[in-house]
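K.L.:
Below is a structure I'd like to ask you about.
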Number of protein chains: 2
Amino acid sequence: MLPRWIEAFPAALPLRIGAKAPNISEQSIAWVRVTDEPVAKTLEAVRRILGGDVACVVLADQPDDEQAMASFAAAAKGYCNTHAAPELLRRIADVVTQGGLWIGESLMHRLMRATIHLPPSAAPAVVAATAWDVGLTEREREVALAVAAGASNKEIARSLDITERTIKAHVGATLEKLGVRDRLQLSLVVNGHRSR
Amino acid sequence: MLPRWIEAFPAALPLRIGAKAPNISEQSIAWVRVTDEPVAKTLEAVRRILGGDVACVVLADQPDDEQAMASFAAAAKGYCNTHAAPELLRRIADVVTQGGLWIGESLMHRLMRATIHLPPSAAPAVVAATAWDVGLTEREREVALAVAAGASNKEIARSLDITERTIKAHVGATLEKLGVRDRLQLSLVVNGHRSR
DNA sequence: CGGGGAACTGTACCGAAGTACATGTAGGCG
DNA sequence: CGCCTACATGTACTTCGGTACAGTTCCCCG
């Protein structure tokens with residue numbers, strides 16, 4: 001286990017090919033580090049242990065497009081560098097648990113090169129969908145979403161065509177109900193980060 | 001404006017082809033609803049109004065792969081169903097503002113079909129990482145992380161054992177460098193969501 | 001009918017956040 | 001040695017966010 005993996009996922013369990021199945025939750029992600037062994041073979045071994053439908057993300061020491069292709073051919077949900085930063089790993093986990101695929105920039109380029117222009121950068125993001133909005137009224141939920149998206153009270157007021165004062169009322173009620181201090185923490189809750 | 005759009009983006013402004021340019025921020029997203037008109041033509045019209053480099057996401061009433069291809073050929077940043085759920089719209093916005101592309105599941109299949117096998121599951125697919133902290137000094141990065149975690153200036157000051165005034169200086173510099181308005185939007189950038 | 005919750009609004013206040021204008025120190029570099 | 005940058009800090013000011021204390025309308029439900 002690399003230190004950055006532990007940093008990214010303190011609760012992760014190490015697992016070797018040939019080991020017996022640990023009891024893990026339904027939607028766990030298998031992070032599969034591959035080296036020179038064919039990806040398909042490794043993934044097959046992992047699936048024998050953890051079940052055929054476990055979501056696998058392939059970690060490559062020296063990523064290349066061919067191996068990435070092979071990974072997705074073997075139904076991997078993601079492919080990235082073994083030494084990716086913890087934040088990136090977490091983001092990949094987000095995407096994958098949401099049912100998305102994580103494709104490296106390089107492969108993406110390759111896939112699309114023929115048809116479309118791709119900007120030099122790129123990055124995804126995702127949210128966790130635990131019920132953050134229990135107990136909120138419809139309007140409060142609506143306002144909370146806007147706050148979490150970075151809107152100011154004034155902007156929300158304009159878009160909903162009510163006064164800023166009313167927005168404040170909704171925001172205040174929401175902060176109270178969710179037990180957070182200010183709109184930033186509200187956004188963290190709504191966006192599925194930390195606490196509450 | 002569909003109710004779900006408003007729910008997803010309360011601060012969004014409606015705009016018709018032929019209208020004059022509203023004053024919008026640099027990194028706004030244009031959500032372009034297309035019907036039977038050719039996509040390229042519509043996008044061109046939008047760009048005439050909002051500027052050539054505005055990020056466009058195409059909303060299709062009846063999505064199909066051909067139209068999706070056409071959209072990306074016309075340099076759209078995303079393509080999805082007009083009636084997508086607010087959460088999905090927000091996720092797309094996240095990805096696009098981060099410089100990513102949003103590709104529908106169907107098109108993704110098609111793109112990969114030639115080369116690799118894709119499992120029957122799969123949601124929209126996405127791309128890889130941009131550093132949020134380019135150009136920040138060590139101290140600024142440190143403060144930005146604390147802000148993004150929901151800390152107040154006073155709390156950060158205490159924990160770093162410097163004055164609140166200095167925290168304000170770092171926060172201010174960071175907002176400037178990342179081109180965002182306030183600490184909430186900063187947190188969205190740091191946490192890998194929309195804005196910027 | 002009356003009670004109660006939701007949505008909406010008002011005035012007013014306070015503290016947090018953010019900005020403008022300045023100052024000072026320490027370290028790297030031509 | 002000056003120059004630049006990061007870091008730290010001060011005063012002062014404006015704006016925004018959040019709260020306290022009201023009050024209204026509408027609608028549902030017992």
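Please note that chains go A, B, ... in the order of the structure tokens, that every chain numbers its residues from 1, and that ligands are numbered from 1 in the order shown.
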With a cut-off of 9 Å and counting only C-alpha atoms (C1' of nucleotides), select all residues of chain C in contact with chain B and give the selection as a ChimeraX atom specification.
P.N.:
/C:16-19
K.L.:
Within 10 Å of chain B, which residues of chain D show up when using only C-alpha atoms (C1' of nucleotides), listed as a PyMOL selection string?
P.N.:
chain D and resi 6-10
K.L.:
Residues within 9 Å of Cys56 in chain A, please, as a PDB file with N, CA and C atoms, in the first residue's frame. Count only C-alpha atoms (C1' of nucleotides); anything in the same chain fewer than 2 positions from it doesn't count.
P.N.:
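Heads up, here's the output in around-v4.pdb:
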```pdb
ATOM      1  N   ILE A  29     -14.843  -0.294  -4.426  1.00  0.00           N
ATOM      2  CA  ILE A  29     -14.065  -0.240  -5.655  1.00  0.00           C
ATOM      3  C   ILE A  29     -12.789  -1.050  -5.470  1.00  0.00           C
ATOM      4  N   ALA A  30     -12.474  -1.855  -6.462  1.00  0.00           N
ATOM      5  CA  ALA A  30     -11.210  -2.573  -6.428  1.00  0.00           C
ATOM      6  C   ALA A  30     -10.172  -1.758  -7.193  1.00  0.00           C
ATOM      7  N   TRP A  31      -9.105  -1.382  -6.493  1.00  0.00           N
ATOM      8  CA  TRP A  31      -8.015  -0.661  -7.154  1.00  0.00           C
ATOM      9  C   TRP A  31      -6.957  -1.694  -7.503  1.00  0.00           C
ATOM     10  N   VAL A  32      -6.782  -1.912  -8.766  1.00  0.00           N
ATOM     11  CA  VAL A  32      -5.932  -3.005  -9.208  1.00  0.00           C
ATOM     12  C   VAL A  32      -4.636  -2.488  -9.815  1.00  0.00           C
ATOM     13  N   LEU A  43      -7.410  -8.750 -13.930  1.00  0.00           N
ATOM     14  CA  LEU A  43      -8.781  -8.388 -13.581  1.00  0.00           C
ATOM     15  C   LEU A  43      -9.640  -9.632 -13.374  1.00  0.00           C
ATOM     16  N   VAL A  46      -8.972 -10.906  -9.992  1.00  0.00           N
ATOM     17  CA  VAL A  46      -9.610 -10.052  -8.980  1.00  0.00           C
ATOM     18  C   VAL A  46     -11.093 -10.371  -8.890  1.00  0.00           C
ATOM     19  N   ARG A  47     -11.714 -10.554 -10.031  1.00  0.00           N
ATOM     20  CA  ARG A  47     -13.158 -10.806 -10.054  1.00  0.00           C
ATOM     21  C   ARG A  47     -13.500 -12.186  -9.490  1.00  0.00           C
ATOM     22  N   ASP A  53     -18.941  -8.599 -10.592  1.00  0.00           N
ATOM     23  CA  ASP A  53     -19.427  -7.260 -10.936  1.00  0.00           C
ATOM     24  C   ASP A  53     -18.790  -6.156 -10.096  1.00  0.00           C
ATOM     25  N   VAL A  54     -17.703  -6.478  -9.438  1.00  0.00           N
ATOM     26  CA  VAL A  54     -17.034  -5.431  -8.665  1.00  0.00           C
ATOM     27  C   VAL A  54     -16.428  -4.388  -9.611  1.00  0.00           C
ATOM     28  N   VAL A  58      -7.991   0.399 -12.725  1.00  0.00           N
ATOM     29  CA  VAL A  58      -6.643  -0.100 -12.957  1.00  0.00           C
ATOM     30  C   VAL A  58      -5.609   0.988 -12.677  1.00  0.00           C
ATOM     31  N   ALA A  75     -13.414  -4.403 -19.169  1.00  0.00           N
ATOM     32  CA  ALA A  75     -14.497  -3.841 -18.368  1.00  0.00           C
ATOM     33  C   ALA A  75     -14.048  -3.145 -17.085  1.00  0.00           C
ATOM     34  N   ALA A  76     -12.875  -2.561 -17.125  1.00  0.00           N
ATOM     35  CA  ALA A  76     -12.454  -1.739 -15.996  1.00  0.00           C
ATOM     36  C   ALA A  76     -13.290  -0.464 -16.013  1.00  0.00           C
ATOM     37  N   LYS A  77     -13.451   0.128 -14.840  1.00  0.00           N
ATOM     38  CA  LYS A  77     -14.214   1.385 -14.763  1.00  0.00           C
ATOM     39  C   LYS A  77     -13.306   2.596 -14.849  1.00  0.00           C
ATOM     40  N   GLY A  78     -12.020   2.339 -14.685  1.00  0.00           N
ATOM     41  CA  GLY A  78     -11.120   3.474 -14.714  1.00  0.00           C
ATOM     42  C   GLY A  78      -9.700   3.017 -14.946  1.00  0.00           C
ATOM     43  N   TYR A  79      -8.861   3.961 -15.320  1.00  0.00           N
ATOM     44  CA  TYR A  79      -7.468   3.666 -15.608  1.00  0.00           C
ATOM     45  C   TYR A  79      -6.664   4.898 -15.267  1.00  0.00           C
ATOM     46  N   VAL A  96     -16.494   6.922 -10.419  1.00  0.00           N
ATOM     47  CA  VAL A  96     -16.791   5.508 -10.627  1.00  0.00           C
ATOM     48  C   VAL A  96     -18.006   5.059  -9.810  1.00  0.00           C
TER      49      VAL A  96
END
```
K.L.:
Which residue is closest to chain B? Choose from A:Leu101, A:Leu186, A:Leu178, A:Ile24 and count only C-alpha atoms.
P.N.:
A:Leu101
K.L.:
Tell me which protein, DNA and RNA residues are within 9 Å of Ile49 in chain B, counting only C-alpha atoms (C1' of nucleotides), leaving out same-chain ones fewer than 2 positions away, and put them as a list of chain:residue names.
P.N.:
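With the cut-off at 9 Å, the set is B:Ile17, B:Gly18, B:Ala19, B:Lys20, B:Ala21, B:Pro22, B:Glu44, B:Ala45, B:Val46, B:Arg47, B:Gly51, B:Gly52.
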K.L.:
Please, could you write that set of residues out with N, CA and C atoms as a PDB file, in the first residue's frame?
P.N.:
```pdb
ATOM      1  N   ILE B  17     -31.716  33.274 -29.540  1.00  0.00           N
ATOM      2  CA  ILE B  17     -30.910  33.623 -30.706  1.00  0.00           C
ATOM      3  C   ILE B  17     -31.382  34.972 -31.216  1.00  0.00           C
ATOM      4  N   GLY B  18     -30.429  35.853 -31.434  1.00  0.00           N
ATOM      5  CA  GLY B  18     -30.799  37.174 -31.929  1.00  0.00           C
ATOM      6  C   GLY B  18     -30.815  38.208 -30.821  1.00  0.00           C
ATOM      7  N   ALA B  19     -30.849  37.734 -29.584  1.00  0.00           N
ATOM      8  CA  ALA B  19     -30.819  38.671 -28.462  1.00  0.00           C
ATOM      9  C   ALA B  19     -29.447  39.315 -28.393  1.00  0.00           C
ATOM     10  N   LYS B  20     -29.345  40.386 -27.647  1.00  0.00           N
ATOM     11  CA  LYS B  20     -28.013  40.965 -27.498  1.00  0.00           C
ATOM     12  C   LYS B  20     -27.331  40.383 -26.255  1.00  0.00           C
ATOM     13  N   ALA B  21     -26.022  40.502 -26.238  1.00  0.00           N
ATOM     14  CA  ALA B  21     -25.241  39.825 -25.210  1.00  0.00           C
ATOM     15  C   ALA B  21     -25.532  40.352 -23.810  1.00  0.00           C
ATOM     16  N   PRO B  22     -25.858  39.450 -22.889  1.00  0.00           N
ATOM     17  CA  PRO B  22     -25.993  39.851 -21.492  1.00  0.00           C
ATOM     18  C   PRO B  22     -24.586  39.956 -20.926  1.00  0.00           C
ATOM     19  N   GLU B  44     -22.999  28.387 -33.744  1.00  0.00           N
ATOM     20  CA  GLU B  44     -22.353  29.554 -34.331  1.00  0.00           C
ATOM     21  C   GLU B  44     -23.090  30.825 -33.926  1.00  0.00           C
ATOM     22  N   ALA B  45     -24.401  30.743 -33.952  1.00  0.00           N
ATOM     23  CA  ALA B  45     -25.221  31.896 -33.565  1.00  0.00           C
ATOM     24  C   ALA B  45     -24.977  32.266 -32.100  1.00  0.00           C
ATOM     25  N   VAL B  46     -24.915  31.237 -31.271  1.00  0.00           N
ATOM     26  CA  VAL B  46     -24.668  31.475 -29.845  1.00  0.00           C
ATOM     27  C   VAL B  46     -23.316  32.150 -29.644  1.00  0.00           C
ATOM     28  N   ARG B  47     -22.325  31.674 -30.385  1.00  0.00           N
ATOM     29  CA  ARG B  47     -20.975  32.224 -30.226  1.00  0.00           C
ATOM     30  C   ARG B  47     -20.886  33.649 -30.735  1.00  0.00           C
ATOM     31  N   GLY B  51     -19.561  35.328 -27.661  1.00  0.00           N
ATOM     32  CA  GLY B  51     -18.112  35.254 -27.848  1.00  0.00           C
ATOM     33  C   GLY B  51     -17.726  33.862 -28.299  1.00  0.00           C
ATOM     34  N   GLY B  52     -16.688  33.809 -29.086  1.00  0.00           N
ATOM     35  CA  GLY B  52     -16.322  32.555 -29.733  1.00  0.00           C
ATOM     36  C   GLY B  52     -15.852  31.469 -28.794  1.00  0.00           C
TER      37      GLY B  52
END
```
K.L.:
Calculate how many Å separate CA of Arg48 in chain B from CA of Ala8 in chain B, rounding to one decimal.
P.N.:
25.6 Å
K.L.:
Could you work out how far C1' of DT9 in chain C lies from CA of Leu13 in chain B, giving the answer in Å with one decimal?
P.N.:
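CA of Leu13 in chain B sits 24.6 Å away from C1' of DT9 in chain C.
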K.L.:
So that I can see what lies close to range 147-151 of chain B, please list as a PyMOL selection string the residues with an atom at most 9 Å from it, counting only C-alpha atoms (C1' of nucleotides) and leaving out residues fewer than 4 positions away in the same chain.
P.N.:
(chain A and resi 182+184-185+188+193-194) or (chain B and resi 142-143+155-156+171+183-191)
K.L.:
Grab the CA of Thr174 in chain A to CA of Ala144 in chain A distance for me, in Å with one decimal place.
P.N.:
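These two atoms are separated by 7.2 Å.
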K.L.:
Please give the complete set of residues from range 12-100 of chain B that DSSP, run on the backbone, assigns to helix (DSSP H, G or I), formatted as a PyMOL selection string.
P.N.:
chain B and resi 39-50+65-73+86-97
K.L.:
Please list as a list of chain:residue names every residue within 10 Å of range 11-14 of chain C, counting only C-alpha atoms (C1' of nucleotides) and excluding residues in the same chain fewer than 3 positions away.
P.N.:
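Listing them by chain and then by number gives D:DG18, D:DT19, D:DA20, D:DC21, D:DA22.
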K.L.:
Residues at most 10 Å from Asp36 in chain B, counting only C-alpha atoms (C1' of nucleotides), excluding those fewer than 2 positions away in the same chain, as a VMD selection string?
P.N.:
chain B and resid 34 38 to 39 60 to 62 67
K.L.:
Of the candidates A:Leu145, A:Leu89, A:Leu50, A:Ala11, which shows the shortest atom-to-atom distance to chain B, using only C-alpha atoms?
P.N.:
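Of the candidates, the smallest distance to chain B is held by A:Leu145.
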